[in-house]
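Structure first, commentary second.
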Amino acid sequence: MTIPFNNPDRPNSYIGKTVPRPNASKLVQGRGRYVDDIVLPRMLHVAFSRAPVAHAKIGKIDVDEAKAVKGVLRVFTGKDLAEVCTPWVAVLAHLKGLKSPPEHPLAVDRACWVGEPVVAVVATTRAAAEEAASLVMVDYEDLPVVTDTMTALDKDTPVIHPELGDNLAFRRLHEEGDVDAVFETAHKVVSASFRTARHTGVTLEPRSILVDWNPAEGQMTAYHATQAPHMMQTVFAKHLDIPESRVRVICGDVGGSYGIKVHVYPDEVATAAIAKVMGRPIKFIADRLESYTTDIHARDHEIEAKIAVDADGKILAMDVDDWTGIGPYSVYPRTSAIEGNQVVNLCGGPYDFANYRAQTTVVFQNKTPTCQYRAVGHPIAVAITEGLVDMAAAAIGMDPVEIRRRNMYADDAYPVTSPAKMKFEGLSHHASMDKLMEMMDYDALRAGQAEARKKGKYRGIGIASFIELTNPSPFMYGIGGARISAQDGCTVRMDPDGSVVALSGVTEQGQGTEAMLSQVVAEGVGVKPTNVRVITGDTQVTPYGGGTWASRGAGIGGEAALQAAKALRNSILEVAAAMLQADAGKLDIRDGQVVDMDSGEERMPLEELGRIVYFRGDTLPKDLPRELVQTRHFITMEYPFAFTNGVQASYLEVDTDTGVVTLLKHWCIEDCGRVINPQLVDEQIRGGIVQGLGGALYEEIHYDEDGQLLNGSMADYLVPMAAEMPDMQVGHVETPTKESELGAKGAGEAGTAGAPAAVMNAINDALRPLGAQVTEMPFTPERILRALGKIND
Amino acid sequence: MTEMFRDKVDVSLTVNGEPVEARVPAGQHMIDFLRLELGLTGAHASCEHGVCGACTIRVDGDAVRGCLMLAAQADGAEVWTIEGLTDTNAISDLQDAFVARNALQCGYCTPGMLVAAEELLSKGDLPSRAEIREHLSGNYCRCTGYEAIIDAVESVAQGRAGKGKA
Ligand code: FES
Ligand code: FES
């Protein structure tokens, strides 16, 4: 039976409704269980002595004073752990030429960034471990430091890893059409430099892990705040020489991740290695300074780009030269080349044009490693594209909405392949733009803007169309050799009381995965969502899966859950048909009751069926299957990714005396395919937008030229606070993917992808009458005043 | 151990209405005392710097940062954490509103956010959205984008005002 999604009055119509999250109540009562809340018998704590300089040879290590601290049991150096843990090299075969040196859990000979773990101290309390770690003495012999991205490949710049030959980690050039010829003859060419600052995720729960090694059983159990438990299981097994079947990763409540908690961190692997050596549970909780210096960073890009348009505003060509510095190591196992690669893949995304050239250059430097963070590459690509489109519109005197309408792929053009060679199954740029115009009342807003300008107020409206990559297939990582599952699975079972348990390989990080799964399973089986208990985040219990990243939870995990639920429904009905002497095809399950499909008449509650199957199976026909547990897996096959699309708008005011930007309102229309839970989707969008607004206005990691991180605290690295954030109106167009019955694509990153570009365009719209323009994020008061020529030094 | 940690101080206080007597290291922060010694893990440590508000608890009627206060300072204090506020149904309307409006995602900020919001609501006025935003600006939330939190707090303020009039 396929689900008639278009009929909102169908039985068990939970998909598409706002259903409460089953795990929200415990969190508001303070009954969550995050890693740091877990205490195990004989548990010890580890703290790290970290490199205070950006690049140095490690000389003599003196741990006597540290060992003298009361409560300290053991100290480990890089050499100690290298004996029990093999190093890793973060490359992927399909990212041709990507290189990176071997990385150890603790630096062995050389420290390559401020914050790299060098010595681990284990003690009975965290306070003692931290105090002792601060007493570890290491002789650091300074080596030349590379911090600047744009000069990293210059001849006289020192090479960080001499064995690799140069500081180039990865370069990719993509060229389609005759770009140079078009630029030579085009009606109008507009070029600009863009810059996006180094960001980090600032999860409120710091990175956390508690690892227990039980030598008697040969079993490792890691309680880990992670997005990818099965991936971590594989990593621990491989590098610590344990059979994969003997590593169990448990991921309970996680206090925010946004991509930060999907990577392999040396200090976390060190914790696992130490647990194995000591045979006792070891806990590591990063403190806030460690979060800033060792959580992955992202988005540190410098770009030169240009666009060519004809007199009608048709885009003829785009040319993008993107540079990014990723720190001294590519991050395992996803690698640090993906973000630059995404910029190449995504620029120009909404638009139907022919000539495209983009190159990304990814270089090593002595700063914190960068890797995938929410909306990987999207905010950069969208800022470049939408910035250029707005500048082109201004240059030919066209309204920014009109130029987009003239260039976006027609809603009936699909499937199409973009000049970046991305395949789009079905998008809705025009419908989304129409809906946005209506929702924000564009014309009235323009009138209001003009009124305000008469009063000397500089208000701006910024539009940003975007595409977002979701539901990745093995083309993202698997084909490159990484053991990262693109497939996901769900086991659904009916217990004797007629209730249903769903075990899924995707994880909950607060976005509402468990609610989404509960309503999908509820509809698929025919019970209330409150009668579905969802279990995620335990590698020994759930089907093997990829976890939560690249907005795949609903699209991949949700479809697996739907198919498993439907299979369970069929097995239930097969038993019911035998018990009721009826035709299974004429029965249905609604609200936990077996009913006649046509009349809806109740025939038997599920708990009665459960009672018979589990306790009086003797009364059923001998050869009747009674498999009330079903597992299904799902993987996308036809498209490497399910692209979504949307458009955002920002309305803001710039104080031209102080440079301060006040956000007045924000809108987003998003097409994530089938919306399973409108409230959860909207709140994902809002949360994502605000993360994007942070990047647009506040967030920037600063380094000095010695590679010292200058703003490693929440007081110094600003993130959005309640008072500065606008109210956000969110709307949807639904173009379900045909790859799955559920039709869901991802929604978790769209907000972050488009918000910075919308803000940039709004600021520039406000400043245009003054002849000023900003393209370097974040748009701080200082940068705005400089653009206005009010600061010149 | 530093002297700060070696020196112990005797304190006697109430936590969630129950008497507590303890010998605490002089340098131990309240949040660590609650979490490590009393097993009250509802309030969280995040910045440990007084910035983010994840550790917010109620001390003698005020919303206080558990990472800035020393346990030794709590002698004689009346301390409430999310666990006690839950058990006594003191903020159940606010908690229900957070769940209904999905004003939390990962939930890490939530216990602190609730204590801070209750401090505003308990003043009894009907705060504007801007006032709610301002009051909660010492509490970071990295997940929600704040709007749902503001909605939830606003709805409770209106609900309580309605009840007061009735
Ligand atoms: S942990 Fe206390 S304010 Fe952040
Ligand atoms: S809900 Fe995650 S930080 Fe607020």
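Residues in the structure tokens are named by chain (A, B, ... in the order shown) and by number from 1 within that chain; ligands are numbered from 1 in the order shown.
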
Step one, run DSSP on the backbone; step two, keep only residues of stretch 232-468 of chain A assigned to helix (DSSP H, G or I); then write them as a VMD selection string.
chain A and resid 232 to 240 244 to 246 260 to 262 266 to 278 288 to 294 338 to 346 378 to 396 400 to 407 429 to 440 442 to 454

Skip A:Met150 itself and residues of its chain fewer than 6 positions away, then list as a PDB file with C-alpha atoms, in the first residue's frame all residues within 9 Å of it, counting only C-alpha atoms.
```pdb
ATOM      1  CA  GLU A 302      39.312  34.257   0.174  1.00  0.00           C
ATOM      2  CA  TRP A 323      41.464  29.817  -1.623  1.00  0.00           C
ATOM      3  CA  THR A 324      41.245  28.301   1.816  1.00  0.00           C
ATOM      4  CA  GLY A 325      43.684  27.439   4.589  1.00  0.00           C
ATOM      5  CA  VAL A 363      46.625  24.979   1.611  1.00  0.00           C
TER       6      VAL A 363
END
```

Give as a PDB file with N, CA and C atoms, in the first residue's frame every residue of chain A that touches chain B within 7 Å, counting only C-alpha atoms.
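Output file selection28.pdb follows:
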```
ATOM      1  N   PRO A  20       4.509  16.326  18.880  1.00  0.00           N
ATOM      2  CA  PRO A  20       5.531  16.723  19.861  1.00  0.00           C
ATOM      3  C   PRO A  20       6.728  15.778  19.884  1.00  0.00           C
ATOM      4  N   ALA A  24      11.603  15.809  24.341  1.00  0.00           N
ATOM      5  CA  ALA A  24      11.706  17.208  24.780  1.00  0.00           C
ATOM      6  C   ALA A  24      11.399  17.354  26.275  1.00  0.00           C
ATOM      7  N   SER A  25      10.427  16.570  26.771  1.00  0.00           N
ATOM      8  CA  SER A  25      10.020  16.742  28.174  1.00  0.00           C
ATOM      9  C   SER A  25      11.175  16.470  29.126  1.00  0.00           C
ATOM     10  N   LEU A  27      14.240  16.861  28.609  1.00  0.00           N
ATOM     11  CA  LEU A  27      15.260  17.910  28.532  1.00  0.00           C
ATOM     12  C   LEU A  27      14.830  19.166  29.283  1.00  0.00           C
ATOM     13  N   VAL A  28      13.546  19.511  29.236  1.00  0.00           N
ATOM     14  CA  VAL A  28      13.125  20.698  29.999  1.00  0.00           C
ATOM     15  C   VAL A  28      13.101  20.418  31.498  1.00  0.00           C
ATOM     16  N   GLN A  29      13.131  19.140  31.854  1.00  0.00           N
ATOM     17  CA  GLN A  29      13.167  18.817  33.285  1.00  0.00           C
ATOM     18  C   GLN A  29      14.593  18.602  33.783  1.00  0.00           C
ATOM     19  N   GLY A  30      15.556  18.834  32.922  1.00  0.00           N
ATOM     20  CA  GLY A  30      16.947  18.623  33.345  1.00  0.00           C
ATOM     21  C   GLY A  30      17.282  17.153  33.497  1.00  0.00           C
ATOM     22  N   ARG A  31      16.499  16.298  32.831  1.00  0.00           N
ATOM     23  CA  ARG A  31      16.739  14.859  32.936  1.00  0.00           C
ATOM     24  C   ARG A  31      17.456  14.290  31.721  1.00  0.00           C
ATOM     25  N   ASP A  37      27.380  13.818  32.298  1.00  0.00           N
ATOM     26  CA  ASP A  37      26.491  13.434  33.407  1.00  0.00           C
ATOM     27  C   ASP A  37      26.726  11.986  33.839  1.00  0.00           C
ATOM     28  N   VAL A  69      51.413  15.836  41.560  1.00  0.00           N
ATOM     29  CA  VAL A  69      50.098  16.356  41.981  1.00  0.00           C
ATOM     30  C   VAL A  69      49.260  15.205  42.542  1.00  0.00           C
ATOM     31  N   LYS A  70      48.654  15.474  43.674  1.00  0.00           N
ATOM     32  CA  LYS A  70      47.863  14.428  44.335  1.00  0.00           C
ATOM     33  C   LYS A  70      46.710  13.997  43.431  1.00  0.00           C
ATOM     34  N   ALA A 128      42.352  17.804  39.307  1.00  0.00           N
ATOM     35  CA  ALA A 128      43.752  17.378  39.481  1.00  0.00           C
ATOM     36  C   ALA A 128      44.412  17.166  38.122  1.00  0.00           C
ATOM     37  N   THR A 203      29.409  24.604  20.112  1.00  0.00           N
ATOM     38  CA  THR A 203      28.352  23.786  20.708  1.00  0.00           C
ATOM     39  C   THR A 203      28.340  24.103  22.197  1.00  0.00           C
ATOM     40  N   LEU A 204      27.152  24.267  22.765  1.00  0.00           N
ATOM     41  CA  LEU A 204      27.147  24.602  24.210  1.00  0.00           C
ATOM     42  C   LEU A 204      27.700  23.445  25.031  1.00  0.00           C
ATOM     43  N   GLU A 205      27.383  22.217  24.627  1.00  0.00           N
ATOM     44  CA  GLU A 205      28.059  21.089  25.266  1.00  0.00           C
ATOM     45  C   GLU A 205      29.402  20.929  24.575  1.00  0.00           C
ATOM     46  N   PRO A 206      30.497  21.037  25.327  1.00  0.00           N
ATOM     47  CA  PRO A 206      31.795  20.855  24.671  1.00  0.00           C
ATOM     48  C   PRO A 206      31.957  19.408  24.197  1.00  0.00           C
ATOM     49  N   VAL A 254      23.052  14.740  23.110  1.00  0.00           N
ATOM     50  CA  VAL A 254      24.190  15.512  22.618  1.00  0.00           C
ATOM     51  C   VAL A 254      23.806  16.989  22.650  1.00  0.00           C
ATOM     52  N   GLY A 255      24.671  17.797  23.252  1.00  0.00           N
ATOM     53  CA  GLY A 255      24.347  19.216  23.424  1.00  0.00           C
ATOM     54  C   GLY A 255      24.779  20.072  22.256  1.00  0.00           C
ATOM     55  N   GLY A 256      24.259  19.762  21.100  1.00  0.00           N
ATOM     56  CA  GLY A 256      24.571  20.545  19.901  1.00  0.00           C
ATOM     57  C   GLY A 256      25.766  19.970  19.176  1.00  0.00           C
ATOM     58  N   ARG A 288      36.375  25.333  27.560  1.00  0.00           N
ATOM     59  CA  ARG A 288      35.985  26.246  26.488  1.00  0.00           C
ATOM     60  C   ARG A 288      37.175  26.706  25.646  1.00  0.00           C
ATOM     61  N   GLN A 509      20.414  14.890  17.662  1.00  0.00           N
ATOM     62  CA  GLN A 509      21.305  15.919  18.199  1.00  0.00           C
ATOM     63  C   GLN A 509      20.485  17.113  18.640  1.00  0.00           C
ATOM     64  N   GLY A 510      19.193  16.914  18.779  1.00  0.00           N
ATOM     65  CA  GLY A 510      18.323  18.012  19.160  1.00  0.00           C
ATOM     66  C   GLY A 510      17.429  18.489  18.040  1.00  0.00           C
ATOM     67  N   GLN A 511      17.704  18.027  16.824  1.00  0.00           N
ATOM     68  CA  GLN A 511      16.918  18.526  15.694  1.00  0.00           C
ATOM     69  C   GLN A 511      15.550  17.871  15.606  1.00  0.00           C
ATOM     70  N   GLU A 683      11.834  25.141  12.800  1.00  0.00           N
ATOM     71  CA  GLU A 683      12.812  25.499  13.843  1.00  0.00           C
ATOM     72  C   GLU A 683      14.236  25.140  13.420  1.00  0.00           C
ATOM     73  N   ARG A 686      15.054  28.137  11.304  1.00  0.00           N
ATOM     74  CA  ARG A 686      15.343  29.330  12.120  1.00  0.00           C
ATOM     75  C   ARG A 686      16.706  29.212  12.794  1.00  0.00           C
ATOM     76  N   GLY A 687      16.963  28.075  13.412  1.00  0.00           N
ATOM     77  CA  GLY A 687      18.256  27.894  14.071  1.00  0.00           C
ATOM     78  C   GLY A 687      19.398  28.040  13.072  1.00  0.00           C
ATOM     79  N   VAL A 690      19.976  31.718  12.089  1.00  0.00           N
ATOM     80  CA  VAL A 690      20.703  32.485  13.104  1.00  0.00           C
ATOM     81  C   VAL A 690      22.184  32.115  13.109  1.00  0.00           C
ATOM     82  N   MET A 714      34.072  32.712  24.936  1.00  0.00           N
ATOM     83  CA  MET A 714      32.743  33.138  24.486  1.00  0.00           C
ATOM     84  C   MET A 714      32.562  34.644  24.597  1.00  0.00           C
ATOM     85  N   ALA A 715      33.353  35.263  25.461  1.00  0.00           N
ATOM     86  CA  ALA A 715      33.234  36.712  25.588  1.00  0.00           C
ATOM     87  C   ALA A 715      33.890  37.413  24.407  1.00  0.00           C
ATOM     88  N   MET A 721      23.060  36.602  20.046  1.00  0.00           N
ATOM     89  CA  MET A 721      22.323  36.587  21.303  1.00  0.00           C
ATOM     90  C   MET A 721      20.877  36.965  21.004  1.00  0.00           C
ATOM     91  N   ALA A 722      20.019  36.688  21.966  1.00  0.00           N
ATOM     92  CA  ALA A 722      18.580  36.862  21.734  1.00  0.00           C
ATOM     93  C   ALA A 722      18.226  38.291  21.320  1.00  0.00           C
ATOM     94  N   ALA A 723      18.882  39.266  21.937  1.00  0.00           N
ATOM     95  CA  ALA A 723      18.441  40.652  21.733  1.00  0.00           C
ATOM     96  C   ALA A 723      18.664  41.135  20.305  1.00  0.00           C
ATOM     97  N   ASP A 727      12.844  38.393  14.256  1.00  0.00           N
ATOM     98  CA  ASP A 727      11.862  37.340  14.039  1.00  0.00           C
ATOM     99  C   ASP A 727      11.988  36.894  12.591  1.00  0.00           C
TER     100      ASP A 727
END
```

When distances are computed from only C-alpha atoms and all ligand atoms, which of B:Ala26, B:Ala74, B:Val20, B:Ala116 shows the smallest separation from ligand 1?
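Between B:Ala26, B:Ala74, B:Val20, B:Ala116, the residue approaching ligand 1 most closely is B:Ala116.
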
Using DSSP assignments from the backbone, pull out every residue in stretch 228-396 of chain A that falls under strand (DSSP E) and give it to me as a ChimeraX atom specification.
/A:247-250,282-285,297-298,301-309,315-325,355-363

Just to be explicit: take each residue in the selection above, keep N, CA and C atoms, and write the result as a JSON list (two decimals), in the first residue's frame.
```
[["chain", "number", "residue", "atom", "x", "y", "z"],
["A", 247, "VAL", "N", 33.72, -3.14, 19.67],
["A", 247, "VAL", "CA", 33.66, -1.72, 20.04],
["A", 247, "VAL", "C", 32.21, -1.29, 19.99],
["A", 248, "ARG", "N", 31.75, -0.73, 21.07],
["A", 248, "ARG", "CA", 30.37, -0.25, 21.14],
["A", 248, "ARG", "C", 30.40, 1.25, 21.40],
["A", 249, "VAL", "N", 29.78, 2.01, 20.53],
["A", 249, "VAL", "CA", 29.70, 3.45, 20.74],
["A", 249, "VAL", "C", 28.27, 3.82, 21.09],
["A", 250, "ILE", "N", 28.12, 4.48, 22.21],
["A", 250, "ILE", "CA", 26.80, 4.87, 22.68],
["A", 250, "ILE", "C", 26.72, 6.40, 22.66],
["A", 282, "ILE", "N", 37.82, 6.23, 31.25],
["A", 282, "ILE", "CA", 38.50, 7.54, 31.19],
["A", 282, "ILE", "C", 37.56, 8.55, 30.56],
["A", 283, "LYS", "N", 37.42, 9.69, 31.22],
["A", 283, "LYS", "CA", 36.53, 10.74, 30.70],
["A", 283, "LYS", "C", 37.34, 11.94, 30.25],
["A", 284, "PHE", "N", 36.94, 12.46, 29.09],
["A", 284, "PHE", "CA", 37.51, 13.73, 28.62],
["A", 284, "PHE", "C", 36.38, 14.68, 28.25],
["A", 285, "ILE", "N", 36.38, 15.83, 28.89],
["A", 285, "ILE", "CA", 35.43, 16.89, 28.56],
["A", 285, "ILE", "C", 36.26, 18.12, 28.21],
["A", 297, "HIS", "N", 37.59, 24.25, 12.86],
["A", 297, "HIS", "CA", 37.17, 25.55, 12.35],
["A", 297, "HIS", "C", 36.65, 25.35, 10.93],
["A", 298, "ALA", "N", 36.15, 26.42, 10.34],
["A", 298, "ALA", "CA", 35.62, 26.29, 8.98],
["A", 298, "ALA", "C", 35.51, 27.66, 8.33],
["A", 301, "HIS", "N", 37.81, 31.45, 3.87],
["A", 301, "HIS", "CA", 38.02, 31.50, 2.41],
["A", 301, "HIS", "C", 38.26, 32.91, 1.91],
["A", 302, "GLU", "N", 39.12, 33.00, 0.90],
["A", 302, "GLU", "CA", 39.31, 34.26, 0.17],
["A", 302, "GLU", "C", 39.05, 33.97, -1.29],
["A", 303, "ILE", "N", 38.24, 34.82, -1.90],
["A", 303, "ILE", "CA", 37.76, 34.51, -3.24],
["A", 303, "ILE", "C", 37.83, 35.73, -4.14],
["A", 304, "GLU", "N", 38.30, 35.49, -5.38],
["A", 304, "GLU", "CA", 38.16, 36.48, -6.44],
["A", 304, "GLU", "C", 37.14, 35.90, -7.41],
["A", 305, "ALA", "N", 36.15, 36.68, -7.79],
["A", 305, "ALA", "CA", 35.13, 36.11, -8.66],
["A", 305, "ALA", "C", 34.57, 37.15, -9.59],
["A", 306, "LYS", "N", 34.09, 36.70, -10.75],
["A", 306, "LYS", "CA", 33.44, 37.64, -11.66],
["A", 306, "LYS", "C", 32.29, 36.98, -12.39],
["A", 307, "ILE", "N", 31.43, 37.84, -12.88],
["A", 307, "ILE", "CA", 30.23, 37.37, -13.57],
["A", 307, "ILE", "C", 30.08, 38.21, -14.84],
["A", 308, "ALA", "N", 29.60, 37.57, -15.91],
["A", 308, "ALA", "CA", 29.31, 38.29, -17.16],
["A", 308, "ALA", "C", 27.82, 38.17, -17.45],
["A", 309, "VAL", "N", 27.19, 39.30, -17.79],
["A", 309, "VAL", "CA", 25.76, 39.27, -18.13],
["A", 309, "VAL", "C", 25.54, 40.02, -19.45],
["A", 315, "ILE", "N", 22.70, 35.70, -17.33],
["A", 315, "ILE", "CA", 24.06, 35.35, -16.91],
["A", 315, "ILE", "C", 24.73, 34.55, -18.02],
["A", 316, "LEU", "N", 25.93, 35.00, -18.41],
["A", 316, "LEU", "CA", 26.65, 34.32, -19.49],
["A", 316, "LEU", "C", 27.77, 33.45, -18.95],
["A", 317, "ALA", "N", 28.41, 33.92, -17.90],
["A", 317, "ALA", "CA", 29.54, 33.15, -17.38],
["A", 317, "ALA", "C", 29.85, 33.56, -15.95],
["A", 318, "MET", "N", 30.47, 32.65, -15.25],
["A", 318, "MET", "CA", 31.00, 32.94, -13.91],
["A", 318, "MET", "C", 32.39, 32.35, -13.80],
["A", 319, "ASP", "N", 33.25, 33.06, -13.06],
["A", 319, "ASP", "CA", 34.62, 32.62, -12.87],
["A", 319, "ASP", "C", 34.96, 32.83, -11.40],
["A", 320, "VAL", "N", 35.36, 31.76, -10.73],
["A", 320, "VAL", "CA", 35.58, 31.82, -9.28],
["A", 320, "VAL", "C", 36.95, 31.25, -8.94],
["A", 321, "ASP", "N", 37.73, 32.02, -8.20],
["A", 321, "ASP", "CA", 39.03, 31.53, -7.72],
["A", 321, "ASP", "C", 39.00, 31.55, -6.20],
["A", 322, "ASP", "N", 38.90, 30.36, -5.63],
["A", 322, "ASP", "CA", 38.68, 30.22, -4.18],
["A", 322, "ASP", "C", 39.93, 29.68, -3.51],
["A", 323, "TRP", "N", 40.31, 30.28, -2.41],
["A", 323, "TRP", "CA", 41.46, 29.82, -1.62],
["A", 323, "TRP", "C", 41.02, 29.60, -0.18],
["A", 324, "THR", "N", 41.53, 28.52, 0.41],
["A", 324, "THR", "CA", 41.25, 28.30, 1.82],
["A", 324, "THR", "C", 42.42, 27.65, 2.52],
["A", 325, "GLY", "N", 42.63, 28.03, 3.76],
["A", 325, "GLY", "CA", 43.68, 27.44, 4.59],
["A", 325, "GLY", "C", 43.04, 26.51, 5.60],
["A", 355, "ASN", "N", 28.67, 28.89, -19.14],
["A", 355, "ASN", "CA", 30.13, 28.96, -19.06],
["A", 355, "ASN", "C", 30.57, 29.19, -17.62],
["A", 356, "TYR", "N", 31.30, 28.24, -17.11],
["A", 356, "TYR", "CA", 31.61, 28.28, -15.68],
["A", 356, "TYR", "C", 33.02, 27.76, -15.44],
["A", 357, "ARG", "N", 33.76, 28.55, -14.69],
["A", 357, "ARG", "CA", 35.08, 28.09, -14.27],
["A", 357, "ARG", "C", 35.19, 28.34, -12.78],
["A", 358, "ALA", "N", 35.66, 27.34, -12.06],
["A", 358, "ALA", "CA", 35.90, 27.54, -10.63],
["A", 358, "ALA", "C", 37.09, 26.70, -10.22],
["A", 359, "GLN", "N", 37.92, 27.31, -9.40],
["A", 359, "GLN", "CA", 39.06, 26.58, -8.88],
["A", 359, "GLN", "C", 39.13, 26.80, -7.38],
["A", 360, "THR", "N", 39.40, 25.72, -6.66],
["A", 360, "THR", "CA", 39.66, 25.87, -5.23],
["A", 360, "THR", "C", 41.10, 25.44, -4.96],
["A", 361, "THR", "N", 41.75, 26.20, -4.10],
["A", 361, "THR", "CA", 43.12, 25.91, -3.72],
["A", 361, "THR", "C", 43.13, 25.77, -2.20],
["A", 362, "VAL", "N", 43.52, 24.60, -1.74],
["A", 362, "VAL", "CA", 43.42, 24.28, -0.31],
["A", 362, "VAL", "C", 44.85, 24.13, 0.23],
["A", 363, "VAL", "N", 45.22, 24.98, 1.17],
["A", 363, "VAL", "CA", 46.63, 24.98, 1.61],
["A", 363, "VAL", "C", 46.75, 24.67, 3.10]]
```

Quick one: residues within 9 Å of A:Glu741, only C-alpha atoms counted, chain neighbours fewer than 4 positions away excluded, as a PyMOL selection string?
chain A and resi 2-3+559+562-563+736-737

List as a ChimeraX atom specification the protein and nucleic acid residues near A:Phe466, meaning an atom at most 7 Å away when only C-alpha atoms are counted, but skip any in the same chain fewer than 6 places from it.
/A:349-350,382,645-647,754

Please determine, counting only C-alpha atoms and all ligand atoms, which residue among A:Ala565, A:Met579, A:Val202, A:Met728 has the shortest atom-to-atom distance to ligand 2.
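Of A:Ala565, A:Met579, A:Val202, A:Met728, the one nearest ligand 2 is A:Val202, counting only C-alpha atoms and all ligand atoms.
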